[in-house]
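Participant: For reference, the structure I am asking about is given below.
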Amino acid sequence: MAKLVFKRPKTLKQVISHYCPGCGHGIIHRLIAEVIEDLDIGEKTIGVPPAGCAVLAYNYIDVDMAEAAHGRATAVATGIKRILPDRIVFAYQGDGDMAAIGTAETIHAANRGENITCIFVNNGVYGMTGGQMAPTTILGQLSTTTPGGRDMARDGGPLDLSEMLALTSGSVYIERTAVNSPKNVRRTKKAIAKAFKSQMANRGFSLVEILSPCPTNWKMSPVDSHRWIDKVAASVFPLRVIKDKTEES
Amino acid sequence: MLKKTVFAGFGGQGVLMMGYVLAFSAMRDGLQVTYLPSYGAEVRGGTANCTVVVSDEEIASPVSSSPDFAVVLNRPSMMKYQGVMTSGGIMILNSSLVDVDPSRKDLDVVKVPANDIAAELGSDRTLNMIMLGAFVAKTGISSVDSVMNGLGEIVKGKNARIMELNRKGLERGAAYALREQKVSR
Amino acid sequence: MSEKVLMRGTHVVAEAAVRAGCRFYAGYPITPQNELPEYMSDAMARLEDGTFIQAESELAAINMVIGASIAGARAMTSSSSPGISLKQEGFSFLAAQELPAVIVNIMRGSPGLGNIAPSQGDYFQATRGGGHGDYRSIVLAPASGQEMADLTRKAFDYADRYRIPVMILADGMMGQMMEPVLLPESIDPRKLPPKPWILNGAKGRPSRVIKSLLLDPSVEEAHNWKLVRKHEMIGREISDAETDLMDDARIAVIAYGTAARIAKGAIKRVRETGLKVGLLRPVTLWPFPEKVFRGLDESVENFLVFEMSTGQMLEDVKLSLAGRGEVHFYGRPGGPIPTPDEVAKVISRLYHRQKL
Ligand SMILES: Cc1ncc(C[n+]2csc(CCOP(=O)(O)OP(=O)(O)O)c2C)c(N)n1
């Protein structure tokens with residue numbers, strides 16, 4: 001008897017992806033869709049994708065979605081959640097969005113303990129605008145605005161936003177994962193599920209940072225970019241649970 | 001004289017470079033030029049195109065509603081541009097990738113099996129120069145020599161082997177177009 | 001003599017800025033102007049005294065420029081429509097504190113995130129000062145690669161001369177298009193006239209304050225009137241427009257920047273069919289070249305304003321004409337690039353309807 005081992009979650013629209021080959025956004029969209037389906041919250045979830053490669057997330061994830069200005073997703077999500085506290089509200093942000101232009105909104109949403117979930121996609125560059133330095137770009141890493149490599153004296157070092165957010169009193173759950181191997185993909189799905197459940201239990205601010213490949217702007221093959229996450233990115237941004245207070249009341 | 005040319009194909013086929021080399025060489029020939037590339041997400045989405053206008057007097061608009069010439073490297077580009085070209089316009093077509101003929105009968109079409117020639121030369125990278133060579137030979141808008149000099153200035157410092165390959169590409173393309181012309185006469 | 005170069009508009013502005021003595025650039029990526037900061041990141045690194053900062057936001061970038069200007073540098077930032085909105089607070093502070101700075105807006109289809117195609121939708125925002133309060137900023141509208149270079153040089157000179165923010169208002173097409181350009185000679189910023197108002201430490205002089213908090217309304221009022229006198233002087237001294245084929249024209253097409261280029265192509269076409277049509281192209285959008293409108297021959301009674309917007313400069317044209325003649329409008333907002341053929345059709349239709 002045939003056993004079904006793979007199917008497209010209903011929450012993922014059946015369309016052709018616009019993402020570049022090897023991009024991590026598509027995997028992460030799928031994981032979110034699966035979690036929404038597993039938790040059966042498709043009819044009460046609202047997503048907030050701001051400017052970034054994933055601004056088109058609403059073309060893929062079939063729940064209510066509100067596009068936000070670059071950097072403002074956590075503020076928009078805050079407004080939605082405060083009016084509709086029983087809905088599940090998540091922001092889906094790139095590293096430029098979350099850790100550069102939107103730092104203030106992010107830190108203060110966490111500090112207020114907004115009961116929302118942030119999916120923080122760390123690909124180390126500004127993807128949508130063509131590969132400029134991001135706050136998470138690693139020292140020495142080439143980008144179109146660091147033609148000589150990111151330089152500590154000029155550009156500062158990579159920003160550990162998740163660790164910073166863990167210091168705020170309102171954050172309850174922060175984990176960093178990656179989507180460069182089957183094992184890490186499974187771990188990421190678990191983390192997303194945990195963050196959503198924490199929100200459903202009204203715990204407060206939750207965030208999953210996901211190291212995600214951008215072969216186009218890294219100018220690497222998809223396979224090499226997966227290796228690079230293991231060898232380089234994860235040594236600067238270690239994969240781990242950074243904060244977990246979901247069990248405390 | 002005012003001629004508008006579109007170069008179009010997949011991103012990565014060297015479409016923008018082709019247009020740039022023509023614009024640069026025409027500038028060095030003392031002509032007026034404008035070069036307008038497609039840009040941004042559009043380029044990463046797969047297709048790339050640029051419009052080059054060459055004239056001996058001031059160029060008003062760099063956009064073209066009806067190009068005189070088109071150099072097309074793939075099928076979607078052929079479909080897109082055949083409809084808007086001026087009557088009697090010249091289309092240089094990469095016949096290695098486009099196996100259908102344009103439906104317009106009032107165009108002068110030169111089919112160049114550019115990928116096959118590039119394979120003979122041992123480098124896919126020469127594809128755009130083969131097409132450009134065919135284009136200048138056919139249209140006379142510039143010359144293989146001008147383009148070669150222009151290219152030399154643009155890629156100053158690039159290694160000699162690549163320049164040699166590009167030169168071969170230009171020459172092979174030009175020779176192909178001229179031979180086609182003789183045959184059709 | 002130097003040779004012409006073939007560079008895209010954003011690179012031309014960047015290189016012209018370096019040659020104008022700009023030594024400080026702060027910006028934030030946004031399409032379709034990313035090549036400008038990318039060029040600057042490299043160009044500034046090559047200079048001993050150059051600073052490039054990729055700021056964390058447009059708001060930070062404009063405030064970094066404010067700081068650099070206060071410290072005496074020729075400073076610049078650039079962005080595109082959504083990012084310009086974030087800089088608006090800074091424009092107001094630059095104007096209030098009478099600080100020179102150059103801001104480049106490579107406009108794109110808007111409002112909101114819109115798209116990355118060329119558009120002229122930010123005309124009101126730019127020409128009405130740019131931020132909150134009662135003031136104006138100089139706005140220059142290049143229509144060619146060469147003007148991208150020349151107006152960039154002028155922008156820095158005007159900014160210093162009048163102590164005012166100057167915006168270069170272009171769009172995605174001007175930013176991406178390449179044309180042969182003769183770049184201006186480089187100037188050494190150390191040889192520029194000294195600025196006696198900057199903050200550099202009160203060594204051997206009384207301390208200075210640069211501020212905009214004027215709690216006493218009568219003081220704020222006096223400051224506002226002072227800015228107005230400056231604005232009037234700027235209006236007399238720098239307002240500029242190009243006229244083309246206006247001698248016998250029955251219709252004047254009025255357009256700036258990219259739209260003016262398209263209009264020129266359209267006019268060429270209709271002239272070939274015998275229609276008498278000319279072009280009036282404002283180069284300074286603020287100060288608006290009213291004088292040129294007032295100087296037009298009485299025989300021109302039809303004006304066609306053509307913009308890549310729903311009609312913004314249109315209002316300034318009407319104000320300048322003060323009720324004279326008939327003002328018509330053709331607009332394409334949101335990003336599509338109108339073609340010369342399309343505009344030529346609009347012109348001929350108007351020409352025949354008006355029985356000219
Ligand atoms: C105010 C404003 N500034 C700049 C932009 C241009 N912009 C769009 S997305 C983006 C950053 C993209 O990087 P990231 O957030 O890391 O997401 P990614 O595309 O890499 O997934 C920028 C700078 C904008 N849309 N709005």
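Please note that chains go A, B, ... in the order of the structure tokens, that every chain numbers its residues from 1, and that ligands are numbered from 1 in the order shown.
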DSSP on the backbone, strand (DSSP E or B) only: what residues of region 276-320 of chain C does that give? Format it as a list in words.

Facilitator: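 Selecting the strand (DSSP E or B) positions of region 276-320 of chain C gives Val277, Gly278, Leu279, Leu280, Arg281, Pro282, Thr284, Leu285, Trp286, Asn302, Phe303, Leu304, Val305, Phe306 and Glu307 of chain C.
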
Participant: Next, write the just-selected residues to a file, as a CSV table (one decimal), in the first residue's frame, keeping all heavy atoms as the atom set.

Facilitator:
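The resulting part-v6.csv:
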```
chain,number,residue,atom,x,y,z
C,277,VAL,N,5.2,73.4,-32.6
C,277,VAL,CA,5.2,73.0,-31.2
C,277,VAL,C,6.6,73.2,-30.6
C,277,VAL,O,7.5,72.8,-31.3
C,277,VAL,CB,4.7,71.6,-31.0
C,277,VAL,CG1,4.6,71.2,-29.5
C,277,VAL,CG2,3.3,71.4,-31.6
C,278,GLY,N,6.6,73.8,-29.5
C,278,GLY,CA,7.9,74.0,-28.8
C,278,GLY,C,7.9,73.4,-27.4
C,278,GLY,O,6.9,72.9,-26.9
C,279,LEU,N,9.1,73.5,-26.8
C,279,LEU,CA,9.3,72.9,-25.4
C,279,LEU,C,9.7,74.0,-24.5
C,279,LEU,O,10.6,74.8,-24.8
C,279,LEU,CB,10.3,71.8,-25.5
C,279,LEU,CG,10.6,71.1,-24.1
C,279,LEU,CD1,9.5,70.2,-23.6
C,279,LEU,CD2,11.9,70.3,-24.2
C,280,LEU,N,9.2,74.0,-23.3
C,280,LEU,CA,9.7,74.8,-22.2
C,280,LEU,C,10.0,73.8,-21.1
C,280,LEU,O,9.1,73.1,-20.6
C,280,LEU,CB,8.6,75.8,-21.7
C,280,LEU,CG,9.1,76.9,-20.9
C,280,LEU,CD1,8.1,78.0,-20.8
C,280,LEU,CD2,9.5,76.5,-19.5
C,281,ARG,N,11.3,73.7,-20.7
C,281,ARG,CA,11.7,72.7,-19.7
C,281,ARG,C,12.3,73.4,-18.5
C,281,ARG,O,13.4,73.9,-18.5
C,281,ARG,CB,12.8,71.8,-20.3
C,281,ARG,CG,13.4,70.8,-19.3
C,281,ARG,CD,14.3,69.9,-20.0
C,281,ARG,NE,15.6,70.5,-20.4
C,281,ARG,CZ,16.7,70.6,-19.6
C,281,ARG,NH1,16.6,70.1,-18.4
C,281,ARG,NH2,17.8,71.2,-20.0
C,282,PRO,N,11.6,73.4,-17.4
C,282,PRO,CA,12.1,74.0,-16.2
C,282,PRO,C,13.4,73.1,-15.7
C,282,PRO,O,13.3,71.9,-15.7
C,282,PRO,CB,11.0,73.9,-15.1
C,282,PRO,CG,9.8,73.8,-16.0
C,282,PRO,CD,10.1,73.1,-17.2
C,284,THR,N,15.3,74.5,-12.9
C,284,THR,CA,15.1,74.6,-11.5
C,284,THR,C,13.6,74.5,-11.2
C,284,THR,O,12.8,75.2,-11.8
C,284,THR,CB,15.6,76.0,-11.0
C,284,THR,OG1,14.9,77.0,-11.7
C,284,THR,CG2,17.1,76.2,-11.1
C,285,LEU,N,13.2,73.5,-10.4
C,285,LEU,CA,11.8,73.3,-10.1
C,285,LEU,C,11.4,74.2,-8.9
C,285,LEU,O,10.3,74.7,-8.8
C,285,LEU,CB,11.5,71.9,-9.8
C,285,LEU,CG,11.8,70.9,-10.9
C,285,LEU,CD1,11.4,69.5,-10.5
C,285,LEU,CD2,11.1,71.3,-12.2
C,286,TRP,N,12.4,74.4,-8.0
C,286,TRP,CA,12.2,75.5,-7.1
C,286,TRP,C,13.6,76.2,-7.0
C,286,TRP,O,14.6,75.5,-6.8
C,286,TRP,CB,11.8,75.1,-5.7
C,286,TRP,CG,11.4,76.3,-4.9
C,286,TRP,CD1,10.1,76.8,-4.8
C,286,TRP,CD2,12.3,77.3,-4.3
C,286,TRP,NE1,10.2,78.0,-4.2
C,286,TRP,CE2,11.4,78.3,-3.9
C,286,TRP,CE3,13.6,77.4,-4.1
C,286,TRP,CZ2,12.0,79.5,-3.2
C,286,TRP,CZ3,14.2,78.5,-3.5
C,286,TRP,CH2,13.3,79.5,-3.0
C,302,ASN,N,-1.7,78.1,-26.0
C,302,ASN,CA,-2.0,76.7,-25.5
C,302,ASN,C,-0.8,76.1,-24.9
C,302,ASN,O,0.3,76.1,-25.5
C,302,ASN,CB,-2.5,75.9,-26.7
C,302,ASN,CG,-4.0,76.1,-27.0
C,302,ASN,OD1,-4.8,75.6,-26.3
C,302,ASN,ND2,-4.2,77.0,-28.0
C,303,PHE,N,-1.0,75.6,-23.7
C,303,PHE,CA,0.1,75.0,-22.9
C,303,PHE,C,-0.3,73.6,-22.6
C,303,PHE,O,-1.3,73.3,-22.1
C,303,PHE,CB,0.4,75.8,-21.7
C,303,PHE,CG,0.7,77.3,-21.9
C,303,PHE,CD1,-0.4,78.2,-22.1
C,303,PHE,CD2,2.0,77.7,-22.1
C,303,PHE,CE1,-0.1,79.5,-22.3
C,303,PHE,CE2,2.3,79.0,-22.4
C,303,PHE,CZ,1.2,79.9,-22.5
C,304,LEU,N,0.6,72.7,-22.9
C,304,LEU,CA,0.4,71.3,-22.6
C,304,LEU,C,1.4,70.8,-21.5
C,304,LEU,O,2.6,70.7,-21.8
C,304,LEU,CB,0.5,70.4,-23.8
C,304,LEU,CG,0.4,68.9,-23.5
C,304,LEU,CD1,-1.0,68.5,-23.0
C,304,LEU,CD2,0.7,68.1,-24.8
C,305,VAL,N,1.0,70.6,-20.3
C,305,VAL,CA,1.9,70.2,-19.3
C,305,VAL,C,1.9,68.6,-19.3
C,305,VAL,O,0.9,68.0,-19.4
C,305,VAL,CB,1.4,70.6,-17.9
C,305,VAL,CG1,2.4,70.1,-16.8
C,305,VAL,CG2,1.3,72.1,-17.8
C,306,PHE,N,3.1,68.1,-19.4
C,306,PHE,CA,3.3,66.6,-19.5
C,306,PHE,C,4.2,66.2,-18.4
C,306,PHE,O,5.3,66.6,-18.2
C,306,PHE,CB,3.9,66.3,-20.9
C,306,PHE,CG,4.4,64.9,-20.9
C,306,PHE,CD1,3.6,63.8,-20.5
C,306,PHE,CD2,5.7,64.6,-21.5
C,306,PHE,CE1,4.1,62.5,-20.5
C,306,PHE,CE2,6.2,63.3,-21.5
C,306,PHE,CZ,5.4,62.3,-21.1
C,307,GLU,N,3.6,65.3,-17.5
C,307,GLU,CA,4.4,64.8,-16.4
C,307,GLU,C,4.2,63.3,-16.2
C,307,GLU,O,3.1,62.8,-16.6
C,307,GLU,CB,3.9,65.5,-15.1
C,307,GLU,CG,4.1,67.0,-15.0
C,307,GLU,CD,3.6,67.5,-13.6
C,307,GLU,OE1,4.1,67.2,-12.6
C,307,GLU,OE2,2.6,68.2,-13.7
```

Participant: Can you work out which residues are within 8 Å of ligand 1, considering only C-alpha atoms and all ligand atoms, and then hand them over as a ChimeraX atom specification?

Facilitator: /A:25,50-55,69-71,93-98,101,121-129,131,134,214 /C:28-31,57-58,79-80,82-86,113

Participant: When the cut-off is 12 Å and we count only C-alpha atoms, which residues of chain C are near chain A, given as a ChimeraX atom specification?

Facilitator: /C:26-46,50-61,82-83,85-86,111-116

Participant: Pick out the residues sitting within 6 Å of region 60-77 of chain B, and hand them over as JSON, numbers by chain; count only C-alpha atoms, and ignore anything fewer than 5 positions along from it in its own chain.

Facilitator: {"B": [4, 5, 6, 7, 8, 9, 34, 84, 85, 86, 89, 90, 91, 92, 93, 94, 97, 98], "C": [261, 262, 264, 265, 339]}

Participant: Fewer than 6 positions away in the same chain doesn't count, so skip those; otherwise give me all residues within 6 Å of region 4-13 of chain C, counting only C-alpha atoms, as a list in words.

Facilitator: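 Selected residues are Leu36, Gly145, Met148, Ala149, Met174, Gly175, Gln176, Met177, Met178, Glu179, Pro180, Val181 and Leu182 of chain C.
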
Participant: Limited to C-alpha atoms, could you put the picked residues into a file as a PDB file, in the first residue's frame?

Facilitator:
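So again.pdb came out as:
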```pdb
ATOM      1  CA  LEU C  36      25.160  55.679  -6.110  1.00  0.00           C
ATOM      2  CA  GLY C 145      23.731  62.657 -18.307  1.00  0.00           C
ATOM      3  CA  MET C 148      23.451  65.035 -13.921  1.00  0.00           C
ATOM      4  CA  ALA C 149      27.101  66.111 -13.708  1.00  0.00           C
ATOM      5  CA  MET C 174      17.824  59.378 -15.416  1.00  0.00           C
ATOM      6  CA  GLY C 175      19.536  57.285 -12.768  1.00  0.00           C
ATOM      7  CA  GLN C 176      20.013  54.213 -14.941  1.00  0.00           C
ATOM      8  CA  MET C 177      20.533  55.754 -18.376  1.00  0.00           C
ATOM      9  CA  MET C 178      24.056  56.149 -19.719  1.00  0.00           C
ATOM     10  CA  GLU C 179      25.069  59.038 -21.947  1.00  0.00           C
ATOM     11  CA  PRO C 180      28.453  60.451 -22.874  1.00  0.00           C
ATOM     12  CA  VAL C 181      29.430  62.956 -20.230  1.00  0.00           C
ATOM     13  CA  LEU C 182      32.270  65.402 -19.878  1.00  0.00           C
TER      14      LEU C 182
END
```

Participant: Using only C-alpha atoms, pick whichever of C:Glu290, C:Asp316, C:Asp244, C:Asp134 has the shortest atom-to-atom distance to chain B.

Facilitator: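 Answer, going by the shortest atom-to-atom distance: C:Asp244.
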
Participant: From a DSSP pass on the backbone, collect the residues of region 66-103 of chain B flagged as alpha helix (DSSP H) and hand them back as a ChimeraX atom specification.

Facilitator: /B:75-82
